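In what follows, a structure is listed as C-alpha cells, so that the remarks can point back to it.
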Amino acid sequence: MAAAISSLSPSQGPSAGGHTVVINGTGFTGATLVRFRTTSASFSVLSATRIIAIAPAGTGSVAVTVTTASGTSNSAVYTYVTTPVITGLSPSQGSAAGGNVITVQGTGFTSATLVAFGLTPTSFNVVSATQITATAPTGTGSVPVTVTTASGTSNSVFYTYAVTPVITGLSPSQGPTAGGNVITIQGTGFTSATSVAFGVTPASFNVVSATQITATVPAGPAAPVNVTVTTPAGTSNPMVYSYVAAPAVFSLDPGMGPEAGGNTVTITGTDLTLATAVTFGTNEATNINVLSDSLITADAPGGTDTVTVTVTTPGGTSTPGTGNAYYTYVGIPAIDSLIPDEGPAHGGSNVAIFGSNLTHTDEVRFGGTVTLFAAVSDNLVVATSPAGEPGTVDVTVHTPGGDSNGVAYQYEA
C-alpha cells in the first residue's frame, strides 16, 4: 500500500530551512525519500505513521511527498515564510511605567507568535502583515524590540524608556492676562517634550535642554493655573502660574508738584498690589510704598510740563483711562513787583502781585499773615492786604512749585 500524508506539523517555516517538520500519515515503513517540491530532505522514520524531516531551504508553498517501495504519496502543502523585518516603532519611546500602545511597522508579521521588549514578552495584536500593535511593558533605558514568527525572529529596533518630566520652577511665575510673555520652565526630563499647557490651553514652546523649556504664555483670565509639560513618558507635576490683571490709575494727590520733584504723591487705582515700578512720564519714581491693592505712595522724580503717571506690575503697565492719571510739574513762583507796594495798617487794600509761575497760587502771605487773593493769570495775582503793624513785611506766594521770593510791602500808620 502506498504511503499517505495526512498532515504536517508545523506546516510552515523559514525560507532558510533547517526546521524540523513532523509528517503524519500511513504506510511510511521503508520510506526511501522525502521531498519538499523537488528538493530531497533528510528524514527519520519513527513509525509507519510518523516521519521527522528537516525542511530544506525554499520559497513559497511547496508540495511535500513521501516515497516508499510502493510508490509516492499524495502531497501536503508546506509554506516557506519570510523572516519578519521591523522597519520602525511609533512612538519609539515612552514611560518607564509602560502601558502605552506602540505600533510596530515592518513585513512578515502575519503569523507572529511573540513580541518582546528586550527579554520581556508583551501582549500584541497583528493588524496586518506589515503592522502590529503592542503594549509596552515596564522597563528602563533602551531595549531591543523583536517580533518572532514561525520563520524566525526579526531584527531589533530600539525602544527608549523615558523618565516622566518634572517641573521644579517657573520664571517668572506670573504675568499679564493678555499673555504673549515668554517664561522659562526649569526641571528634568524635557528632551522629548510634545506639549506645554497652561491649564487646558496649549502654549508654543522651545526645548532648550533636558532641564529647560521656554514657553510663550497664552492669554488667560486673572487667576492661577497649572503649568504642565508632556513627553512620551507622561505628564509632569503641575506648577502654578498666576495671571495678573493690568493695573489702573484713577487719581493722584496732589496732582501737581515742583519741577525738582521729591514730594510724596498718593496714587489711587486698582490691581496695584504687585507694583514693581511707578513712572512720571519717562522718569521713575522712588520710595514706592504699596499700601493696598488700590493705594500706593511714591516720591515724584524731577520733571517738567504735564506727564502721565503709570504703574507697572507683572500684569502690565497701566494706561490712561477712567479718572485722572496726569501730573503737572509747576515751576517755582517768582514775584517781580507789587502795585501798590504800600498801604494803610488797617489793611483792605487790593495789591497787584506781578511775577511768573503764579497760575497755581494756593497761598499769599503778608509777613506771616495769610490773606485772600485771586490768581488772574500766570503773571498776576491780586491780593487783599491784611491788617498789620506799621513797617515793612515781605509778601510771598506759594504754589505746588514751592515758595516765591519775598518783595517788601510798607504798612503806613
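Letters for chains follow the order of the C-alpha cells (A, B, ...), residue numbers begin at 1 for each chain, and ligand numbers begin at 1 in the order shown.
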
Return as JSON lines the residues of stretch 344-377 of chain A lying at most 12 Å from stretch 401-407 of chain A, together with the closest atom-to-atom pair for each and the distance in Å to one decimal, counting only C-alpha atoms, with rows in chain order and ascending residue number.
```
{"residue": "A:Ile353", "atom": "CA", "partner": "A:Val407", "partner_atom": "CA", "distance": 9.4}
{"residue": "A:Phe354", "atom": "CA", "partner": "A:Val407", "partner_atom": "CA", "distance": 10.5}
{"residue": "A:Gly355", "atom": "CA", "partner": "A:Ser404", "partner_atom": "CA", "distance": 9.5}
{"residue": "A:Ser356", "atom": "CA", "partner": "A:Ser404", "partner_atom": "CA", "distance": 9.5}
{"residue": "A:Asn357", "atom": "CA", "partner": "A:Gly401", "partner_atom": "CA", "distance": 8.4}
{"residue": "A:Leu358", "atom": "CA", "partner": "A:Ser404", "partner_atom": "CA", "distance": 9.3}
{"residue": "A:Thr359", "atom": "CA", "partner": "A:Gly401", "partner_atom": "CA", "distance": 10.5}
{"residue": "A:His360", "atom": "CA", "partner": "A:Gly401", "partner_atom": "CA", "distance": 8.3}
{"residue": "A:Thr361", "atom": "CA", "partner": "A:Gly401", "partner_atom": "CA", "distance": 9.0}
{"residue": "A:Asp362", "atom": "CA", "partner": "A:Gly402", "partner_atom": "CA", "distance": 10.2}
{"residue": "A:Glu363", "atom": "CA", "partner": "A:Asp403", "partner_atom": "CA", "distance": 9.3}
{"residue": "A:Val364", "atom": "CA", "partner": "A:Asp403", "partner_atom": "CA", "distance": 9.7}
{"residue": "A:Arg365", "atom": "CA", "partner": "A:Gly406", "partner_atom": "CA", "distance": 9.5}
{"residue": "A:Phe366", "atom": "CA", "partner": "A:Gly406", "partner_atom": "CA", "distance": 9.3}
{"residue": "A:Gly367", "atom": "CA", "partner": "A:Gly406", "partner_atom": "CA", "distance": 9.0}
{"residue": "A:Gly368", "atom": "CA", "partner": "A:Gly406", "partner_atom": "CA", "distance": 11.6}
```

TODO: Would you mind listing what lies within 8 Å of A:Ser123 as a ChimeraX atom specification, with only C-alpha atoms counted and same-chain residues fewer than 4 positions away left out?
DONE: /A:115,134-135

Contact check, stretch 133-199 of chain A to stretch 212-215 of chain A, at most 7 Å, counting only C-alpha atoms, closest pairs as CSV:
```
residue,atom,partner,partner_atom,distance
A:Val182,CA,A:Ala215,CA,5.5
A:Ile183,CA,A:Ala215,CA,5.5
A:Thr184,CA,A:Thr214,CA,4.5
A:Ile185,CA,A:Ile213,CA,5.1
A:Gln186,CA,A:Gln212,CA,4.8
A:Gly187,CA,A:Gln212,CA,6.3
A:Phe190,CA,A:Gln212,CA,6.9
```

TODO: Tell me which protein, DNA and RNA residues are within 12 Å of stretch 38-46 of chain A, counting only C-alpha atoms, leaving out same-chain ones fewer than 3 positions away, and put them as a count of residues only.
DONE: 38

Task: Distance query A:Thr317 at most 10 Å, only C-alpha atoms, self and fewer than 4 positions along chain excluded, as a PyMOL selection string - done: chain A and resi 176+246-249+275-279+310-313

Task: Test item: residues at most 12 Å from A:Gln93, only C-alpha atoms, excluding those fewer than 4 positions along its chain, as a ChimeraX atom specification - done: /A:88-89,97-103,117,136-145,157-164,191-193,231-234

- [ ] DSSP on the backbone, then: every residue of stretch 357-410 of chain A marked strand (DSSP E), written as a VMD selection string.
- [x] chain A and resid 363 to 366 369 to 371 373 to 377 380 to 384 391 to 399 402 to 403 407 to 410

For A:Ala178, work out the shell of residues within 10 Å, counting only C-alpha atoms and skipping chain neighbours fewer than 6 positions away, then give it as an mmCIF file with C-alpha atoms, in the first residue's frame.
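This is the output file result.cif:
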```
data_model
loop_
_atom_site.group_PDB
_atom_site.id
_atom_site.type_symbol
_atom_site.label_atom_id
_atom_site.label_comp_id
_atom_site.auth_asym_id
_atom_site.auth_seq_id
_atom_site.Cartn_x
_atom_site.Cartn_y
_atom_site.Cartn_z
ATOM 1 C CA VAL A 217 2.233 82.247 27.697
ATOM 2 C CA PRO A 218 -1.261 82.125 26.134
ATOM 3 C CA ALA A 219 -3.957 84.582 27.204
ATOM 4 C CA GLY A 220 -5.969 83.705 30.295
ATOM 5 C CA PRO A 221 -8.250 85.161 32.978
ATOM 6 C CA ALA A 222 -6.834 86.750 36.136
ATOM 7 C CA TYR A 243 -2.376 85.582 35.528
ATOM 8 C CA VAL A 244 -2.403 89.144 36.894
ATOM 9 C CA ALA A 245 -4.889 91.832 35.837
ATOM 10 C CA ALA A 246 -3.365 95.019 34.408
ATOM 11 C CA GLY A 315 0.077 92.246 34.861
ATOM 12 C CA GLY A 316 1.457 95.017 32.658
#
```

Open item on the list: What does the structure give for the distance between atom CA of A:Asp378 and atom CA of A:Val397, in Å to one decimal?
Closed with: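 Calculated distance between atom CA of A:Asp378 and atom CA of A:Val397 is 12.2 Å.
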
TODO: Please provide as a PyMOL selection string all residues within 10 Å of A:Ala129, with the sequence filter that same-chain residues fewer than 2 positions apart are discarded (counting only C-alpha atoms).
DONE: chain A and resi 84+105-112+126-127+131-132

Task: Pick from A:Tyr326, A:Asn263, A:Pro254, A:Asn289 nearest to A:Pro301, counting only C-alpha atoms - done: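 Result for the nearest residue to A:Pro301: A:Asn263.
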